[in-house]
Amino acid sequence: MADHAGHAGHPTGRARSVVITGASRGLGLASAAHLHRKGWHVLAAMRSPDVGLARLRDATGAAPDDPRLSAVRLDLDDPASITGCARAVEKAVGSPDAVVHNAAYMSVGCVEEMPASTWQQLFSTNLLGPVRLTQELLPVMRAAGRGRIVVISSAAGVRGMPTISAYSASKGALERWAEALAEEIAPFGLGVTILVAGAFDTSLDSTFTHADLTGPYGEHHARLERAGQRLLKSVKPPEEFPPGLEKALNDRAPFARHPVGRDARLMLTGRRLMPDRVFRLVASRAMGLPRPGSLREHPRRLASLTPRPDESEHHG
């Protein structure tokens, strides 16, 4: 039986509506299924609605004619698709009560290894897409005088992370945009929440790597791979994330930032309490990175980078 908490707070008494991007897998799928069970009208935005909606129905047990579960096509790299998604949302629910920017794209590689096309891809999906979708939906949300924008960030948005600098930069930019947006829309009764997600199994099957394991940064990749293997032992299943999102959807402050997961709480606490130099040192040691100057005389410093295939051929 559904928990009809989703009805709470909507002026018409109907189920509150939430748009979740990237809802066909990982945190998005788990969140969409959880909120549907809690009585929300879920508008699941994804690039392949037929496939994703079938997964959601399997996860929720929802009938094909369930009015509280809808799939909307959305490609964050396609402005026309973003506009079409916004119009479909408005047709279905008018002004959504919440928009959750969950969809993200990840790529691995040090700055010197990462081609410009990858930077453009990451910022298109992780920053410009959410900005465009928000621009399309804000007029109806502003007119309604209610609604919340939720941005899913990560440790990479709190601290610049080596070997995923482009992803980290896009998440950091997304956080700064969300902070600014909050002050712009607060006078109209709208709010913004940043959720810093810890280590969850996000099932990012679009992850692509430019890591050159025999190149000058091979030692970085090897050490971070070992650290990543240790981290995998504490990775949480995606189903443990949605309760944090559900709580955030009930935020009333114009702006809020919450960690979801013990590691995310530690990261935010350390960032807040430690001097930057100490925080960076602790984080670098935890990741097992080569110490400053340690490769200055190493033969690896003279290695050439092996060109990787163009990532744009593998995306989408």
# chains A, B, ... in the order shown; residues from 1 in each chain; ligands from 1
>>> select_by_dssp(residues="region 49-252 of chain A", states="strand (DSSP E or B)", output="JSON, numbers by chain")
{"A": [69, 70, 71, 72, 73, 98, 99, 100, 101, 107, 108, 109, 148, 149, 150, 151, 152, 153, 154, 164, 191, 192, 193, 194, 195, 196, 197, 200, 208, 209, 236]}
>>> residues_around(residues="Ala166 (chain A)", least_positions_apart="4", cutoff="12 Å", atoms="only C-alpha atoms", output="VMD selection string")
chain A and resid 105 to 127 156 to 157 160 to 162 170 to 173 209 to 210
>>> write_last_selection(atoms="C-alpha atoms", output="PDB file, in the first residue's frame")
ATOM      1  CA  TYR A 105      28.043  11.847 -16.714  1.00  0.00           C
ATOM      2  CA  MET A 106      31.461  10.698 -15.461  1.00  0.00           C
ATOM      3  CA  SER A 107      34.816  10.379 -17.194  1.00  0.00           C
ATOM      4  CA  VAL A 108      38.233   9.460 -15.794  1.00  0.00           C
ATOM      5  CA  GLY A 109      41.491  11.157 -16.727  1.00  0.00           C
ATOM      6  CA  CYS A 110      44.038  13.679 -15.491  1.00  0.00           C
ATOM      7  CA  VAL A 111      43.917  17.186 -16.946  1.00  0.00           C
ATOM      8  CA  GLU A 112      46.707  16.451 -19.421  1.00  0.00           C
ATOM      9  CA  GLU A 113      44.978  13.244 -20.546  1.00  0.00           C
ATOM     10  CA  MET A 114      41.487  14.654 -20.992  1.00  0.00           C
ATOM     11  CA  PRO A 115      40.547  16.038 -24.438  1.00  0.00           C
ATOM     12  CA  ALA A 116      38.580  19.249 -24.751  1.00  0.00           C
ATOM     13  CA  SER A 117      35.616  17.332 -26.180  1.00  0.00           C
ATOM     14  CA  THR A 118      35.255  15.477 -22.886  1.00  0.00           C
ATOM     15  CA  TRP A 119      35.199  18.698 -20.910  1.00  0.00           C
ATOM     16  CA  GLN A 120      32.479  19.994 -23.211  1.00  0.00           C
ATOM     17  CA  GLN A 121      30.480  16.770 -22.832  1.00  0.00           C
ATOM     18  CA  LEU A 122      30.679  16.787 -19.044  1.00  0.00           C
ATOM     19  CA  PHE A 123      29.681  20.421 -18.690  1.00  0.00           C
ATOM     20  CA  SER A 124      26.885  20.004 -21.237  1.00  0.00           C
ATOM     21  CA  THR A 125      25.336  17.113 -19.300  1.00  0.00           C
ATOM     22  CA  ASN A 126      26.197  17.981 -15.698  1.00  0.00           C
ATOM     23  CA  LEU A 127      25.793  21.766 -15.722  1.00  0.00           C
ATOM     24  CA  ALA A 156      33.840  15.773  -6.176  1.00  0.00           C
ATOM     25  CA  GLY A 157      31.775  18.962  -5.906  1.00  0.00           C
ATOM     26  CA  GLY A 160      38.628  19.044  -6.559  1.00  0.00           C
ATOM     27  CA  MET A 161      39.323  15.353  -7.161  1.00  0.00           C
ATOM     28  CA  PRO A 162      42.409  14.223  -9.096  1.00  0.00           C
ATOM     29  CA  SER A 170      31.273  20.406 -13.414  1.00  0.00           C
ATOM     30  CA  LYS A 171      29.897  19.387  -9.998  1.00  0.00           C
ATOM     31  CA  GLY A 172      31.602  22.325  -8.282  1.00  0.00           C
ATOM     32  CA  ALA A 173      30.120  24.677 -10.868  1.00  0.00           C
ATOM     33  CA  THR A 209      38.316   6.503 -19.203  1.00  0.00           C
ATOM     34  CA  HIS A 210      41.206   8.387 -20.744  1.00  0.00           C
TER      35      HIS A 210
END
>>> atom_distance(atom1="CA of Lys38 (chain A)", atom2="CA of Arg142 (chain A)")
25.7 Å
>>> atom_distance(atom1="CA of Val140 (chain A)", atom2="CA of Glu90 (chain A)")
7.9 Å
>>> residues_around(residues="Val42 (chain A)", least_positions_apart="5", cutoff="12 Å", atoms="only C-alpha atoms", output="number ranges by chain")
A: 6, 15-21, 23, 28-37, 53, 56-57, 60, 62, 66-72, 89, 92-93, 96-100
>>> atom_distance(atom1="CA of Gly215 (chain A)", atom2="CA of Ala303 (chain A)")
5.4 Å
>>> closest_atom_pairs(of="region 229-316 of chain A", to="region 145-152 of chain A", cutoff="12 Å", atoms="only C-alpha atoms", output="tab-separated table")
residue	atom	partner	partner_atom	distance
A:Phe241	CA	A:Ile152	CA	10.9
A:Pro242	CA	A:Ile152	CA	11.4
A:Gly244	CA	A:Ile152	CA	11.0
A:Leu245	CA	A:Val150	CA	8.5
A:Glu246	CA	A:Val150	CA	10.6
A:Lys247	CA	A:Val150	CA	11.3
A:Ala248	CA	A:Val150	CA	7.9
A:Leu249	CA	A:Arg148	CA	7.0
A:Asn250	CA	A:Arg148	CA	8.8
A:Asp251	CA	A:Arg148	CA	8.3
A:Arg252	CA	A:Arg148	CA	9.0
A:Ala253	CA	A:Arg148	CA	10.1
A:Pro254	CA	A:Arg148	CA	8.9
A:Phe255	CA	A:Arg148	CA	9.5
A:Ala256	CA	A:Val150	CA	9.5
A:Arg257	CA	A:Val151	CA	9.4
A:His258	CA	A:Ile152	CA	10.0
A:Pro259	CA	A:Ile152	CA	10.0
A:Val260	CA	A:Ile152	CA	9.9
>>> select_by_dssp(residues="region 27-206 of chain A", states="helix (DSSP H, G or I)", output="ChimeraX atom specification")
/A:27-37,49-60,79-93,116-144,155-158,165-188
>>> write_last_selection(atoms="C-alpha atoms", output="tab-separated table (two decimals), in the first residue's frame")
chain	number	residue	atom	x	y	z
A	27	LEU	CA	20.16	6.76	-7.60
A	28	GLY	CA	17.52	8.14	-9.96
A	29	LEU	CA	15.73	4.82	-10.34
A	30	ALA	CA	15.88	4.12	-6.60
A	31	SER	CA	14.63	7.62	-5.79
A	32	ALA	CA	11.78	7.48	-8.29
A	33	ALA	CA	10.61	4.11	-6.96
A	34	HIS	CA	10.86	5.26	-3.33
A	35	LEU	CA	8.94	8.50	-3.85
A	36	HIS	CA	6.25	6.73	-5.87
A	37	ARG	CA	5.76	4.33	-2.96
A	49	PRO	CA	11.51	6.22	-21.56
A	50	ASP	CA	10.24	2.82	-22.68
A	51	VAL	CA	13.16	0.94	-21.12
A	52	GLY	CA	13.31	3.10	-18.00
A	53	LEU	CA	9.57	3.03	-17.34
A	54	ALA	CA	9.58	-0.77	-17.53
A	55	ARG	CA	12.33	-0.84	-14.88
A	56	LEU	CA	10.31	1.52	-12.68
A	57	ARG	CA	7.16	-0.56	-12.98
A	58	ASP	CA	9.17	-3.62	-12.01
A	59	ALA	CA	10.61	-1.78	-9.02
A	60	THR	CA	7.30	-0.34	-7.82
A	79	PRO	CA	18.07	21.82	-26.08
A	80	ALA	CA	14.99	20.76	-28.07
A	81	SER	CA	14.60	17.67	-25.90
A	82	ILE	CA	14.88	19.81	-22.76
A	83	THR	CA	12.15	22.15	-24.01
A	84	GLY	CA	9.96	19.19	-24.94
A	85	CYS	CA	10.46	17.65	-21.51
A	86	ALA	CA	9.45	20.88	-19.77
A	87	ARG	CA	6.30	21.23	-21.87
A	88	ALA	CA	5.37	17.60	-21.16
A	89	VAL	CA	5.80	18.18	-17.43
A	90	GLU	CA	3.64	21.29	-17.54
A	91	LYS	CA	0.95	19.42	-19.48
A	92	ALA	CA	0.97	16.58	-16.96
A	93	VAL	CA	1.06	18.49	-13.65
A	116	ALA	CA	38.58	19.25	-24.75
A	117	SER	CA	35.62	17.33	-26.18
A	118	THR	CA	35.26	15.48	-22.89
A	119	TRP	CA	35.20	18.70	-20.91
A	120	GLN	CA	32.48	19.99	-23.21
A	121	GLN	CA	30.48	16.77	-22.83
A	122	LEU	CA	30.68	16.79	-19.04
A	123	PHE	CA	29.68	20.42	-18.69
A	124	SER	CA	26.89	20.00	-21.24
A	125	THR	CA	25.34	17.11	-19.30
A	126	ASN	CA	26.20	17.98	-15.70
A	127	LEU	CA	25.79	21.77	-15.72
A	128	LEU	CA	24.27	23.31	-18.83
A	129	GLY	CA	21.52	20.68	-19.11
A	130	PRO	CA	20.24	21.25	-15.56
A	131	VAL	CA	20.46	25.02	-16.06
A	132	ARG	CA	18.41	24.85	-19.27
A	133	LEU	CA	15.76	22.58	-17.76
A	134	THR	CA	15.45	24.88	-14.76
A	135	GLN	CA	15.11	27.90	-17.03
A	136	GLU	CA	12.28	26.16	-18.87
A	137	LEU	CA	10.36	25.23	-15.70
A	138	LEU	CA	10.94	28.31	-13.56
A	139	PRO	CA	8.20	30.48	-15.14
A	140	VAL	CA	5.39	28.11	-14.07
A	141	MET	CA	7.02	27.43	-10.69
A	142	ARG	CA	7.48	31.14	-10.07
A	143	ALA	CA	3.85	31.80	-11.03
A	144	ALA	CA	2.71	29.07	-8.63
A	155	ALA	CA	32.47	14.70	-2.79
A	156	ALA	CA	33.84	15.77	-6.18
A	157	GLY	CA	31.77	18.96	-5.91
A	158	VAL	CA	33.16	19.72	-2.44
A	165	SER	CA	38.99	16.93	-12.68
A	166	ALA	CA	36.45	17.62	-15.44
A	167	TYR	CA	33.67	15.86	-13.53
A	168	SER	CA	34.75	17.57	-10.31
A	169	ALA	CA	34.75	20.97	-12.00
A	170	SER	CA	31.27	20.41	-13.41
A	171	LYS	CA	29.90	19.39	-10.00
A	172	GLY	CA	31.60	22.32	-8.28
A	173	ALA	CA	30.12	24.68	-10.87
A	174	LEU	CA	26.70	23.08	-10.37
A	175	GLU	CA	26.91	23.79	-6.62
A	176	ARG	CA	27.92	27.43	-7.11
A	177	TRP	CA	25.07	27.85	-9.62
A	178	ALA	CA	22.60	26.34	-7.16
A	179	GLU	CA	23.76	28.70	-4.40
A	180	ALA	CA	23.25	31.72	-6.65
A	181	LEU	CA	19.91	30.42	-7.96
A	182	ALA	CA	18.59	30.06	-4.40
A	183	GLU	CA	18.96	33.78	-3.73
A	184	GLU	CA	17.39	34.70	-7.06
A	185	ILE	CA	14.23	32.64	-6.61
A	186	ALA	CA	13.72	32.79	-2.83
A	187	PRO	CA	11.61	35.98	-3.03
A	188	PHE	CA	9.07	34.06	-5.15
>>> closest_residue(among="A:Ala199, A:Leu289, A:Leu295, A:Leu43", to="Met267 (chain A)", atoms="only C-alpha atoms")
A:Ala199
>>> residues_around(residues="Phe279 (chain A)", least_positions_apart="4", cutoff="12 Å", atoms="only C-alpha atoms", output="list in words")
Val158, Arg159, Gly160, Leu266, Met267, Leu268, Thr269, Gly270, Arg271, Arg272, Leu273, Met274, Pro275, Ala283, Ser284, Arg285 and Ala286 of chain A
>>> write_last_selection(atoms="N, CA and C atoms", output="CSV table (one decimal), in the first residue's frame")
chain,number,residue,atom,x,y,z
A,158,VAL,N,32.7,19.1,-3.7
A,158,VAL,CA,33.2,19.7,-2.4
A,158,VAL,C,34.7,20.0,-2.5
A,159,ARG,N,35.4,19.0,-3.1
A,159,ARG,CA,36.8,19.1,-3.2
A,159,ARG,C,37.2,18.7,-4.6
A,160,GLY,N,38.1,19.5,-5.3
A,160,GLY,CA,38.6,19.0,-6.6
A,160,GLY,C,39.3,17.7,-6.5
A,266,LEU,N,31.4,13.3,6.8
A,266,LEU,CA,32.7,13.6,7.3
A,266,LEU,C,33.4,14.6,6.3
A,267,MET,N,33.2,14.4,5.0
A,267,MET,CA,33.8,15.3,4.1
A,267,MET,C,33.4,16.8,4.3
A,268,LEU,N,32.1,17.0,4.5
A,268,LEU,CA,31.6,18.4,4.7
A,268,LEU,C,32.1,18.9,6.1
A,269,THR,N,32.1,18.1,7.1
A,269,THR,CA,32.6,18.5,8.4
A,269,THR,C,34.1,18.9,8.3
A,270,GLY,N,34.9,18.1,7.7
A,270,GLY,CA,36.3,18.4,7.5
A,270,GLY,C,36.5,19.6,6.7
A,271,ARG,N,35.7,19.8,5.7
A,271,ARG,CA,35.9,21.0,4.9
A,271,ARG,C,35.6,22.3,5.7
A,272,ARG,N,34.6,22.1,6.6
A,272,ARG,CA,34.2,23.3,7.4
A,272,ARG,C,35.1,23.6,8.5
A,273,LEU,N,35.7,22.6,9.1
A,273,LEU,CA,36.4,22.8,10.3
A,273,LEU,C,38.0,22.9,10.1
A,274,MET,N,38.5,22.2,9.1
A,274,MET,CA,39.9,22.2,8.9
A,274,MET,C,40.4,23.3,8.1
A,275,PRO,N,41.6,23.9,8.4
A,275,PRO,CA,42.3,24.8,7.4
A,275,PRO,C,42.4,24.1,6.1
A,283,ALA,N,43.0,14.6,2.8
A,283,ALA,CA,42.3,14.0,1.7
A,283,ALA,C,43.3,13.3,0.7
A,284,SER,N,44.4,13.9,0.5
A,284,SER,CA,45.5,13.4,-0.4
A,284,SER,C,46.0,12.1,0.2
A,285,ARG,N,46.3,12.1,1.5
A,285,ARG,CA,46.8,10.9,2.1
A,285,ARG,C,45.8,9.7,2.1
A,286,ALA,N,44.5,10.1,2.3
A,286,ALA,CA,43.5,9.1,2.3
A,286,ALA,C,43.4,8.4,0.9
>>> residues_around(residues="region 292-294 of chain A", least_positions_apart="6", cutoff="12 Å", atoms="only C-alpha atoms", output="PyMOL selection string")
chain A and resi 219-220+281+284-285+300-301
>>> residues_around(residues="Lys236 (chain A)", least_positions_apart="5", cutoff="10 Å", atoms="only C-alpha atoms", output="number ranges by chain")
A: 198-202, 241, 261
>>> write_last_selection(atoms="N, CA and C atoms", output="short mmCIF file (atom, residue, chain, number, x, y, z; two decimals), in the first residue's frame")
data_model
loop_
_atom_site.label_atom_id
_atom_site.label_comp_id
_atom_site.auth_asym_id
_atom_site.auth_seq_id
_atom_site.Cartn_x
_atom_site.Cartn_y
_atom_site.Cartn_z
N GLY A 198 27.24 10.54 -0.70
CA GLY A 198 28.45 9.80 -0.39
C GLY A 198 28.68 8.69 -1.40
N ALA A 199 29.34 7.63 -0.96
CA ALA A 199 29.70 6.53 -1.86
C ALA A 199 28.53 5.56 -2.00
N PHE A 200 27.79 5.72 -3.09
CA PHE A 200 26.69 4.83 -3.42
C PHE A 200 26.98 4.17 -4.76
N ASP A 201 26.40 3.02 -4.98
CA ASP A 201 26.52 2.34 -6.26
C ASP A 201 25.58 3.05 -7.23
N THR A 202 26.13 3.94 -8.06
CA THR A 202 25.31 4.76 -8.93
C THR A 202 25.09 4.14 -10.30
N PHE A 241 19.85 5.72 -0.49
CA PHE A 241 19.91 7.17 -0.76
C PHE A 241 18.56 7.89 -0.68
N GLY A 261 24.89 10.05 3.65
CA GLY A 261 25.92 9.04 3.82
C GLY A 261 26.98 9.52 4.81
#
